[in-house]
file protein.cif (mmCIF, C-alpha atoms)
data_run
#
loop_
_atom_site.label_atom_id
_atom_site.label_comp_id
_atom_site.auth_asym_id
_atom_site.auth_seq_id
_atom_site.Cartn_x
_atom_site.Cartn_y
_atom_site.Cartn_z
CA SER A 1 79.56 22.66 -173.10
CA PHE A 2 76.44 23.92 -171.42
CA ILE A 3 72.85 23.00 -170.73
CA GLY A 4 69.88 25.35 -170.70
CA VAL A 5 67.00 25.10 -168.24
CA VAL A 6 63.83 26.98 -169.14
CA THR A 7 61.80 28.29 -166.23
CA ALA A 8 59.06 30.80 -165.45
CA ALA A 9 60.43 31.24 -161.94
CA ALA A 10 61.85 34.52 -160.71
CA VAL A 11 65.43 33.27 -160.90
CA GLU A 12 66.68 35.93 -158.49
CA ASN A 13 64.93 33.87 -155.81
CA TYR A 14 67.25 30.94 -156.40
CA SER A 15 68.78 29.04 -153.51
CA LEU A 16 72.44 27.96 -153.44
CA ILE A 17 73.59 25.42 -150.86
CA SER A 18 77.15 24.07 -150.69
CA LYS A 19 78.85 21.51 -148.48
CA ARG A 20 82.28 19.84 -148.36
CA ASP A 21 83.44 16.54 -146.89
CA GLY A 22 87.19 16.12 -147.20
CA GLU A 23 88.12 16.25 -150.88
CA LEU A 24 84.47 16.02 -151.98
CA ALA A 25 82.39 19.15 -152.44
CA VAL A 26 78.84 19.67 -153.72
CA SER A 27 76.88 22.78 -154.63
CA VAL A 28 73.17 22.71 -155.45
CA VAL A 29 71.21 25.52 -157.06
CA ALA A 30 67.40 25.33 -157.02
CA THR A 31 64.61 27.52 -158.34
CA ALA A 32 60.93 26.99 -157.71
CA ALA A 33 57.54 28.45 -158.64
CA ASP A 34 56.33 30.52 -161.56
CA ASN A 35 56.68 34.26 -162.12
CA GLU A 36 53.85 34.85 -159.62
CA GLY A 37 55.43 32.74 -156.88
CA ASN A 38 53.15 29.74 -157.24
CA THR A 39 54.74 26.35 -156.60
CA CYS A 40 51.60 24.56 -155.47
CA ASN A 41 49.65 25.41 -158.63
CA PHE A 42 51.16 22.54 -160.57
CA ALA A 43 52.37 20.26 -157.81
CA GLU A 44 51.57 16.60 -158.44
CA SER A 45 51.96 13.15 -156.97
CA ALA A 46 53.65 10.82 -159.46
CA GLY A 47 51.37 8.03 -160.61
CA GLU A 48 48.07 9.89 -160.32
CA PRO A 49 45.88 10.96 -163.29
CA ILE A 50 46.89 14.42 -164.51
CA GLU A 51 44.90 16.57 -166.93
CA LEU A 52 45.88 20.13 -167.75
CA LYS A 53 45.95 22.50 -170.71
CA HIS A 54 48.94 24.65 -169.80
CA VAL A 55 51.80 24.60 -167.33
CA GLU A 56 53.49 27.33 -165.35
CA GLY A 57 55.65 26.63 -162.34
CA THR A 58 58.41 24.11 -161.85
CA ILE A 59 61.29 23.05 -159.62
CA ASN A 60 64.69 23.10 -161.29
CA ILE A 61 67.75 21.64 -159.58
CA ILE A 62 71.36 21.98 -160.72
CA ILE A 63 73.92 19.85 -158.87
CA ILE A 64 77.64 20.55 -159.25
CA VAL A 65 80.00 17.88 -157.97
CA ASP A 66 83.63 18.79 -157.39
CA GLY A 67 84.78 15.22 -157.93
CA ASN A 68 84.92 12.44 -160.48
CA PRO A 69 81.69 10.36 -160.36
CA THR A 70 81.20 7.65 -163.00
CA GLU A 71 78.17 7.78 -165.29
CA GLU A 72 76.45 5.13 -163.16
CA CYS A 73 77.13 7.29 -160.11
CA LEU A 74 75.60 10.33 -161.84
CA VAL A 75 72.41 8.37 -162.47
CA GLY A 76 72.38 7.38 -158.80
CA LEU A 77 72.76 11.03 -157.81
CA ILE A 78 69.67 11.96 -159.82
CA ILE A 79 67.71 9.37 -157.86
CA THR A 80 69.16 10.64 -154.57
CA ALA A 81 68.37 14.25 -155.48
CA THR A 82 64.81 13.30 -156.41
CA GLU A 83 64.33 11.63 -153.03
CA ALA A 84 65.70 14.75 -151.31
CA LYS A 85 63.34 16.99 -153.30
CA ILE A 86 60.37 14.87 -152.24
CA ALA A 87 61.53 15.04 -148.61
CA ALA A 88 61.64 18.85 -148.86
CA LEU A 89 58.11 19.02 -150.26
CA LYS A 90 56.90 16.62 -147.58
CA GLU A 91 58.35 18.81 -144.82
CA LEU A 92 56.45 21.79 -146.25
CA ASP A 93 53.29 19.68 -146.65
CA ILE A 94 52.94 20.64 -150.30
CA ARG A 95 49.96 18.95 -151.93
CA SER A 96 49.09 17.80 -155.41
CA ARG A 97 46.88 20.21 -157.29
CA PHE A 98 45.10 17.26 -158.87
CA SER A 99 44.36 14.97 -155.91
CA GLY A 100 45.31 16.78 -152.71
CA ASP A 101 47.77 13.98 -151.88
CA GLU A 102 51.35 14.66 -150.76
CA ALA A 103 53.22 16.10 -153.74
CA THR A 104 56.30 14.46 -155.19
CA GLY A 105 57.16 17.37 -157.46
CA THR A 106 55.62 19.57 -160.13
CA VAL A 107 54.70 18.49 -163.64
CA THR A 108 57.82 19.95 -165.29
CA ASP A 109 60.68 19.42 -162.82
CA ALA A 110 64.25 19.11 -164.11
CA ILE A 111 67.51 17.91 -162.56
CA VAL A 112 70.98 18.54 -163.97
CA VAL A 113 74.14 16.96 -162.55
CA ALA A 114 77.55 18.33 -163.54
CA GLU A 115 81.04 17.20 -162.48
CA THR A 116 84.54 18.67 -162.48
CA ASN A 117 86.18 15.23 -163.13
CA ARG A 118 88.80 15.88 -160.45
CA GLY A 119 90.10 13.10 -158.23
CA ALA A 120 89.60 9.36 -158.08
CA PRO A 121 86.51 7.79 -159.70
CA ILE A 122 83.41 7.66 -157.49
CA ILE A 123 81.18 4.67 -158.12
CA TYR A 124 78.26 5.10 -155.74
CA GLY A 125 75.77 7.98 -155.52
CA GLY A 126 73.06 6.49 -153.31
CA PRO A 127 71.78 8.35 -150.24
CA ALA A 128 74.09 6.44 -147.86
CA SER A 129 77.28 7.03 -149.88
CA PRO A 130 79.56 9.95 -148.91
CA LEU A 131 78.77 11.80 -152.14
CA GLY A 132 75.07 10.92 -151.96
CA GLN A 133 74.83 12.31 -148.44
CA LEU A 134 76.24 15.63 -149.62
CA VAL A 135 73.88 15.76 -152.59
CA GLY A 136 70.89 14.77 -150.45
CA TYR A 137 71.62 17.38 -147.81
CA CYS A 138 72.23 20.23 -150.25
CA THR A 139 69.29 19.36 -152.51
CA LYS A 140 66.77 19.09 -149.70
CA LYS A 141 67.84 22.36 -148.16
CA ALA A 142 68.02 24.19 -151.51
CA VAL A 143 64.58 23.06 -152.68
CA LYS A 144 62.95 23.91 -149.38
CA GLU A 145 64.58 27.33 -149.32
CA ALA A 146 63.68 28.05 -152.97
CA VAL A 147 60.02 27.21 -152.39
CA MET A 148 59.91 29.39 -149.29
CA LYS A 149 61.59 32.26 -151.15
CA ALA A 150 58.71 32.15 -153.62
CA ASN A 151 56.50 33.42 -150.76
CA GLU A 152 54.04 30.57 -151.13
CA CYS A 153 53.47 27.23 -149.41
CA MET A 154 55.13 28.63 -146.31
CA PRO A 155 55.23 26.32 -143.27
CA CYS A 156 53.06 28.77 -141.30
CA ARG A 157 50.27 29.14 -143.88
CA SER A 158 46.73 29.18 -142.51
CA ILE A 159 44.58 26.19 -141.70
CA PHE A 160 42.23 27.32 -144.48
CA ALA A 161 45.04 27.08 -147.02
CA ARG A 162 46.10 23.67 -145.68
CA LEU A 163 42.55 22.35 -145.96
CA LYS A 164 41.99 23.82 -149.42
CA GLU A 165 45.19 22.18 -150.67
CA ARG A 166 43.61 18.88 -149.65
CA HIS A 167 40.50 19.78 -151.69
CA LEU A 168 38.62 20.50 -148.45
CA SER A 169 37.57 24.14 -148.66
CA ILE A 170 35.37 25.66 -145.98
CA GLU A 171 32.64 26.08 -148.60
CA LYS A 172 32.76 22.38 -149.49
CA MET A 173 32.63 21.31 -145.84
CA ALA A 174 29.75 23.67 -145.10
CA SER A 175 27.86 22.44 -148.15
CA GLU A 176 28.12 18.85 -146.96
CA LEU A 177 27.22 19.65 -143.34
CA ALA A 178 24.14 21.52 -144.53
CA LYS A 179 22.75 18.18 -145.72
CA ALA A 180 22.30 17.22 -142.05
CA LYS A 181 19.13 19.19 -141.36
CA SER A 182 19.20 18.21 -137.69
CA LEU A 183 22.19 20.55 -137.22
CA GLY A 184 19.77 23.41 -137.79
CA ALA A 185 22.02 25.62 -139.92
CA ASP A 186 22.11 26.40 -143.62
CA GLU A 187 25.19 26.42 -145.86
CA ARG A 188 25.85 30.15 -145.52
CA ALA A 189 25.60 30.11 -141.73
CA LEU A 190 27.86 27.07 -141.56
CA THR A 191 30.44 28.70 -143.83
CA ILE A 192 30.55 31.83 -141.68
CA GLY A 193 30.44 29.89 -138.42
CA LEU A 194 33.20 27.40 -139.30
CA THR A 195 35.43 30.18 -140.60
CA LYS A 196 35.03 32.11 -137.36
CA LEU A 197 35.51 29.06 -135.13
CA LEU A 198 38.63 27.76 -136.88
CA ARG A 199 40.15 31.23 -137.00
CA SER A 200 39.50 32.09 -133.36
CA ASP A 201 39.76 28.79 -131.48
CA PRO A 202 43.14 26.99 -131.55
CA PHE A 203 41.60 23.83 -130.09
CA TYR A 204 39.04 23.47 -132.88
CA ALA A 205 41.70 24.17 -135.50
CA SER A 206 44.03 21.52 -134.08
CA PHE A 207 41.12 19.07 -133.69
CA VAL A 208 40.26 19.44 -137.40
CA LEU A 209 43.89 19.00 -138.48
CA ALA A 210 44.17 15.88 -136.34
CA ALA A 211 41.03 14.51 -138.00
CA VAL A 212 42.40 15.24 -141.46
CA LYS A 213 45.63 13.40 -140.70
CA MET A 214 43.70 10.37 -139.45
CA ASP A 215 41.63 10.39 -142.62
CA GLU A 216 44.80 10.32 -144.72
CA ASP A 217 45.80 7.10 -143.00
CA VAL A 218 42.32 5.70 -143.64
CA THR A 219 42.62 6.53 -147.35
CA LYS A 220 46.05 4.91 -147.59
CA GLY A 221 45.03 1.82 -145.65
CA LEU A 222 47.42 2.62 -142.82
CA VAL A 223 44.99 2.34 -139.92
CA PRO A 224 46.56 0.20 -137.15
CA PRO A 225 44.54 -2.91 -136.23
CA GLU A 226 44.25 -1.62 -132.65
CA ILE A 227 41.94 1.15 -133.87
CA GLY A 228 39.39 -1.31 -135.17
CA ASP A 229 36.24 -0.21 -137.01
CA VAL A 230 36.91 3.25 -138.50
CA LYS A 231 33.23 4.14 -138.62
CA VAL A 232 32.76 3.39 -134.92
CA VAL A 233 35.99 5.04 -133.79
CA SER A 234 35.45 8.17 -135.87
CA ARG A 235 32.04 8.64 -134.24
CA LYS A 236 33.62 8.33 -130.80
CA PHE A 237 36.28 10.80 -131.96
CA GLY A 238 33.63 13.42 -132.69
CA GLU A 239 31.59 12.60 -129.61
CA ALA A 240 34.65 13.10 -127.40
CA LEU A 241 34.33 16.77 -128.20
CA LEU A 242 30.73 16.75 -127.01
CA SER A 243 31.10 14.68 -123.84
CA LYS A 244 31.77 17.55 -121.44
CA GLN A 245 29.89 20.35 -123.17
CA LEU A 246 26.74 18.41 -124.01
CA THR A 247 26.36 15.80 -121.30
CA GLY A 248 23.58 13.40 -122.24
CA ASN A 249 22.97 15.11 -125.58
CA ALA A 250 25.59 13.46 -127.78
CA VAL A 251 22.92 11.81 -129.93
CA TYR A 252 23.81 10.61 -133.40
CA SER A 253 21.25 11.63 -135.99
CA SER A 254 20.50 9.45 -139.01
CA ASP A 255 20.75 12.41 -141.38
CA TYR A 256 24.47 12.68 -140.64
CA ASP A 257 24.87 9.78 -143.07
CA ALA A 258 24.09 12.19 -145.91
CA VAL A 259 27.28 14.18 -145.17
CA ASN A 260 29.91 13.08 -147.70
CA LEU A 261 33.18 13.91 -145.97
CA PRO A 262 36.07 11.72 -144.76
CA PRO A 263 35.01 9.93 -141.54
CA PHE A 264 37.16 11.62 -138.89
CA LEU A 265 36.76 15.10 -140.39
CA LYS A 266 33.00 14.57 -140.71
CA GLN A 267 32.59 13.62 -137.06
CA ALA A 268 34.94 16.37 -135.88
CA LEU A 269 32.98 19.04 -137.77
CA ILE A 270 29.63 17.72 -136.54
CA GLY A 271 30.96 17.86 -132.99
CA ILE A 272 32.28 21.40 -133.43
CA VAL A 273 29.01 22.62 -134.94
CA LYS A 274 26.89 21.02 -132.19
CA VAL A 275 29.06 22.55 -129.47
CA ALA A 276 28.92 25.96 -131.16
CA LEU A 277 25.14 25.78 -131.52
CA SER A 278 24.74 24.81 -127.86
CA GLU A 279 26.82 27.82 -126.82
CA ASN A 280 25.07 30.20 -129.23
CA PRO A 281 21.59 28.77 -129.78
#
call {"tool": "encode", "arguments": {"input": "protein.cif", "output": "structure tokens"}}
result
Amino acid sequence: SFIGVVTAAAVENYSLISKRDGELAVSVVATAADNEGNTCNFAESAGEPIELKHVEGTINIIIIVDGNPTEECLVGLIITATEAKIAALKELDIRSRFSGDEATGTVTDAIVVAETNRGAPIIYGGPASPLGQLVGYCTKKAVKEAVMKANECMPCRSIFARLKERHLSIEKMASELAKAKSLGADERALTIGLTKLLRSDPFYASFVLAAVKMDEDVTKGLVPPEIGDVKVVSRKFGEALLSKQLTGNAVYSSDYDAVNLPPFLKQALIGIVKVALSENP
């Protein structure tokens, strides 16, 4: 008896994680990415619209249980392993190719669970059960390691990569900011200027990432009631950057309304550009 798993991944970059708890033992093998090391190319968030003509890149997980789980338990282990895979992708901040949302997997993931049938029957495979905890631990670690071995979607990837994965490229941001004529810079100048500022100034880079994370909560409807009106607060967020550098000059221009970017990112970028222009008029 055997099962075949078809993959474009470089299988030599597999990850194998094993753990034992008393008489129970679990080993998990995971591969990720295509033959060019791209996991993010076909990452997706389950439930979103997906349109594509071809597929390369997947996450395959093989779980081997040295024990005797029932069929119901095996189904539970697939659910537990899926949760662990999502947790691994979340920790690496892998994003859907199609929406830029947090990815739950790729479009062709596969999970196989095998058992040795040794020992007493095991009924439960949920994440809190002894067997489920082993499977969850090994799967999460194996998936994370396999993705990192593919040399892509590394935790330390650049801010430009992180933004682009969210469908927020520097070019797109500059194009939108250029609509605000009062900023006094064209699209090309804004592209060059933002690239230089985010690459050279850790504060600006962290300020933009903080704005992006706030905007994700806005999109998901997770803004705490204490924050109040998002439009008002996001303006204050951007103006906080200007308060010391541009005392008395933090004036909001009506043409900023033409900039079609998420609220906190929009105000953060306007603030950064205004500060940069004041320093280098």
call {"tool": "closest_atom_pairs", "arguments": {"input": "protein.cif", "of": "stretch 72-188 of chain A", "to": "stretch 218-241 of chain A", "cutoff": "12 Å", "atoms": "all atoms listed in the file", "output": "JSON lines"}}
result
{"residue": "A:Gly100", "atom": "CA", "partner": "A:Thr219", "partner_atom": "CA", "distance": 11.9}
{"residue": "A:Asp101", "atom": "CA", "partner": "A:Thr219", "partner_atom": "CA", "distance": 10.1}
{"residue": "A:Glu102", "atom": "CA", "partner": "A:Lys220", "partner_atom": "CA", "distance": 11.5}
call {"tool": "residues_around", "arguments": {"input": "protein.cif", "residues": "stretch 90-98 of chain A", "least_positions_apart": "3", "cutoff": "7 Å", "atoms": "only C-alpha atoms", "output": "PyMOL selection string"}}
result
chain A and resi 40-45+50+86-87+101-103+153-155+165-166
call {"tool": "residues_around", "arguments": {"input": "protein.cif", "residues": "A:Ala211", "least_positions_apart": "5", "cutoff": "8 Å", "atoms": "only C-alpha atoms", "output": "PDB file with C-alpha atoms, in the coordinates of the input"}}
result
ATOM      1  CA  PHE A 264      37.160  11.620-138.890  1.00  0.00           C
ATOM      2  CA  LEU A 265      36.760  15.100-140.390  1.00  0.00           C
ATOM      3  CA  ALA A 268      34.940  16.370-135.880  1.00  0.00           C
TER       4      ALA A 268
END
call {"tool": "closest_residue", "arguments": {"input": "protein.cif", "among": "A:Asp109, A:Asp66, A:Glu83, A:Glu72", "to": "A:Thr31", "atoms": "only C-alpha atoms"}}
result
A:Asp109
call {"tool": "axis_aligned_box", "arguments": {"input": "protein.cif", "around": "stretch 220-237 of chain A", "padding_each_side": "5 Å", "output": "lines of an AutoDock Vina configuration file"}}
result
center_x = 39.7
center_y = 3.9
center_z = -139.2
size_x = 25.4
size_y = 23.7
size_z = 26.8
call {"tool": "closest_residue", "arguments": {"input": "protein.cif", "among": "A:Thr58, A:Gln267, A:Thr80, A:Ser169", "to": "A:Met214", "atoms": "all atoms listed in the file"}}
result
A:Gln267
call {"tool": "atom_distance", "arguments": {"input": "protein.cif", "atom1": "atom CA of A:Arg162", "atom2": "atom CA of A:Thr7"}}
result
26.3 Å
call {"tool": "atom_distance", "arguments": {"input": "protein.cif", "atom1": "atom CA of A:Leu16", "atom2": "atom CA of A:Pro130"}}
result
19.9 Å
call {"tool": "closest_residue", "arguments": {"input": "protein.cif", "among": "A:Ala10, A:Ile17, A:Leu77, A:Ser253", "to": "A:Gly57", "atoms": "only C-alpha atoms"}}
result
A:Ala10
call {"tool": "atom_distance", "arguments": {"input": "protein.cif", "atom1": "atom CA of A:Ala30", "atom2": "atom CA of A:Val5"}}
result
11.2 Å
call {"tool": "resolve_selection", "arguments": {"input": "protein.cif", "expression": "the PyMOL selection byres ((chain A and resi 197) around 12)", "output": "PyMOL selection string"}}
result
chain A and resi 159-160+170+189-196+198-208+269+272-273+275-277
call {"tool": "write_last_selection", "arguments": {"input": "protein.cif", "atoms": "C-alpha atoms", "output": "compact mmCIF listing (two decimals), keeping the file's coordinate frame"}}
result
# COMPACT_ATOMS: atom_id res chain seq x y z
CA ILE A 159 44.58 26.19 -141.70
CA PHE A 160 42.23 27.32 -144.48
CA ILE A 170 35.37 25.66 -145.98
CA ALA A 189 25.60 30.11 -141.73
CA LEU A 190 27.86 27.07 -141.56
CA THR A 191 30.44 28.70 -143.83
CA ILE A 192 30.55 31.83 -141.68
CA GLY A 193 30.44 29.89 -138.42
CA LEU A 194 33.20 27.40 -139.30
CA THR A 195 35.43 30.18 -140.60
CA LYS A 196 35.03 32.11 -137.36
CA LEU A 198 38.63 27.76 -136.88
CA ARG A 199 40.15 31.23 -137.00
CA SER A 200 39.50 32.09 -133.36
CA ASP A 201 39.76 28.79 -131.48
CA PRO A 202 43.14 26.99 -131.55
CA PHE A 203 41.60 23.83 -130.09
CA TYR A 204 39.04 23.47 -132.88
CA ALA A 205 41.70 24.17 -135.50
CA SER A 206 44.03 21.52 -134.08
CA PHE A 207 41.12 19.07 -133.69
CA VAL A 208 40.26 19.44 -137.40
CA LEU A 269 32.98 19.04 -137.77
CA ILE A 272 32.28 21.40 -133.43
CA VAL A 273 29.01 22.62 -134.94
CA VAL A 275 29.06 22.55 -129.47
CA ALA A 276 28.92 25.96 -131.16
CA LEU A 277 25.14 25.78 -131.52
call {"tool": "decode", "arguments": {"input": "protein.cif", "residues": "stretch 200-212 of chain A", "atoms": "all heavy atoms", "output": "tab-separated table (two decimals), in the first residue's frame"}}
result
chain	number	residue	atom	x	y	z
A	200	SER	N	16.30	53.72	3.90
A	200	SER	CA	17.36	54.32	4.71
A	200	SER	C	16.92	54.73	6.11
A	200	SER	O	17.76	54.92	6.98
A	200	SER	CB	17.93	55.55	3.99
A	200	SER	OG	16.91	56.53	3.82
A	201	ASP	N	15.62	54.88	6.33
A	201	ASP	CA	15.16	55.38	7.62
A	201	ASP	C	14.30	54.34	8.33
A	201	ASP	O	13.13	54.10	7.95
A	201	ASP	CB	14.34	56.67	7.42
A	201	ASP	CG	14.12	57.41	8.72
A	201	ASP	OD1	13.68	56.78	9.71
A	201	ASP	OD2	14.37	58.64	8.76
A	202	PRO	N	14.81	53.70	9.37
A	202	PRO	CA	14.06	52.66	10.08
A	202	PRO	C	12.75	53.17	10.68
A	202	PRO	O	11.77	52.42	10.75
A	202	PRO	CB	15.03	52.21	11.18
A	202	PRO	CG	16.37	52.61	10.71
A	202	PRO	CD	16.19	53.85	9.91
A	203	PHE	N	12.73	54.45	11.09
A	203	PHE	CA	11.51	54.99	11.68
A	203	PHE	C	10.39	55.06	10.65
A	203	PHE	O	9.26	54.65	10.91
A	203	PHE	CB	11.74	56.38	12.26
A	203	PHE	CG	10.48	57.03	12.74
A	203	PHE	CD1	9.89	56.62	13.94
A	203	PHE	CD2	9.85	58.02	12.00
A	203	PHE	CE1	8.71	57.21	14.38
A	203	PHE	CE2	8.67	58.60	12.44
A	203	PHE	CZ	8.09	58.19	13.63
A	204	TYR	N	10.69	55.57	9.46
A	204	TYR	CA	9.67	55.65	8.42
A	204	TYR	C	9.18	54.26	8.03
A	204	TYR	O	7.98	54.05	7.81
A	204	TYR	CB	10.23	56.36	7.18
A	204	TYR	CG	10.42	57.84	7.36
A	204	TYR	CD1	11.37	58.53	6.62
A	204	TYR	CD2	9.65	58.57	8.27
A	204	TYR	CE1	11.57	59.91	6.78
A	204	TYR	CE2	9.83	59.93	8.44
A	204	TYR	CZ	10.79	60.59	7.69
A	204	TYR	OH	10.96	61.94	7.85
A	205	ALA	N	10.11	53.31	7.94
A	205	ALA	CA	9.73	51.94	7.57
A	205	ALA	C	8.79	51.34	8.61
A	205	ALA	O	7.77	50.73	8.28
A	205	ALA	CB	10.97	51.07	7.41
A	206	SER	N	9.11	51.52	9.89
A	206	SER	CA	8.27	50.97	10.94
A	206	SER	C	6.93	51.71	11.01
A	206	SER	O	5.89	51.12	11.31
A	206	SER	CB	8.99	51.04	12.30
A	206	SER	OG	9.32	52.38	12.63
A	207	PHE	N	6.94	53.02	10.73
A	207	PHE	CA	5.71	53.82	10.73
A	207	PHE	C	4.75	53.32	9.66
A	207	PHE	O	3.53	53.18	9.89
A	207	PHE	CB	6.06	55.28	10.49
A	207	PHE	CG	4.96	56.25	10.84
A	207	PHE	CD1	4.58	56.46	12.16
A	207	PHE	CD2	4.32	56.97	9.84
A	207	PHE	CE1	3.57	57.36	12.48
A	207	PHE	CE2	3.31	57.87	10.15
A	207	PHE	CZ	2.93	58.06	11.48
A	208	VAL	N	5.28	53.00	8.48
A	208	VAL	CA	4.46	52.49	7.38
A	208	VAL	C	3.90	51.11	7.71
A	208	VAL	O	2.72	50.82	7.47
A	208	VAL	CB	5.28	52.46	6.07
A	208	VAL	CG1	4.58	51.61	5.01
A	208	VAL	CG2	5.49	53.87	5.54
A	209	LEU	N	4.73	50.24	8.28
A	209	LEU	CA	4.24	48.91	8.64
A	209	LEU	C	3.15	48.99	9.71
A	209	LEU	O	2.18	48.23	9.67
A	209	LEU	CB	5.40	48.04	9.14
A	209	LEU	CG	6.23	47.34	8.06
A	209	LEU	CD1	7.30	46.47	8.71
A	209	LEU	CD2	5.36	46.48	7.15
A	210	ALA	N	3.32	49.90	10.66
A	210	ALA	CA	2.30	50.08	11.69
A	210	ALA	C	0.99	50.55	11.06
A	210	ALA	O	-0.10	50.09	11.43
A	210	ALA	CB	2.77	51.10	12.73
A	211	ALA	N	1.08	51.43	10.08
A	211	ALA	CA	-0.11	51.92	9.38
A	211	ALA	C	-0.80	50.79	8.64
A	211	ALA	O	-2.04	50.67	8.66
A	211	ALA	CB	0.28	53.03	8.41
A	212	VAL	N	-0.01	49.96	7.98
A	212	VAL	CA	-0.57	48.84	7.22
A	212	VAL	C	-1.32	47.87	8.14
A	212	VAL	O	-2.41	47.38	7.80
A	212	VAL	CB	0.55	48.11	6.46
A	212	VAL	CG1	0.07	46.76	5.92
A	212	VAL	CG2	1.05	48.97	5.30
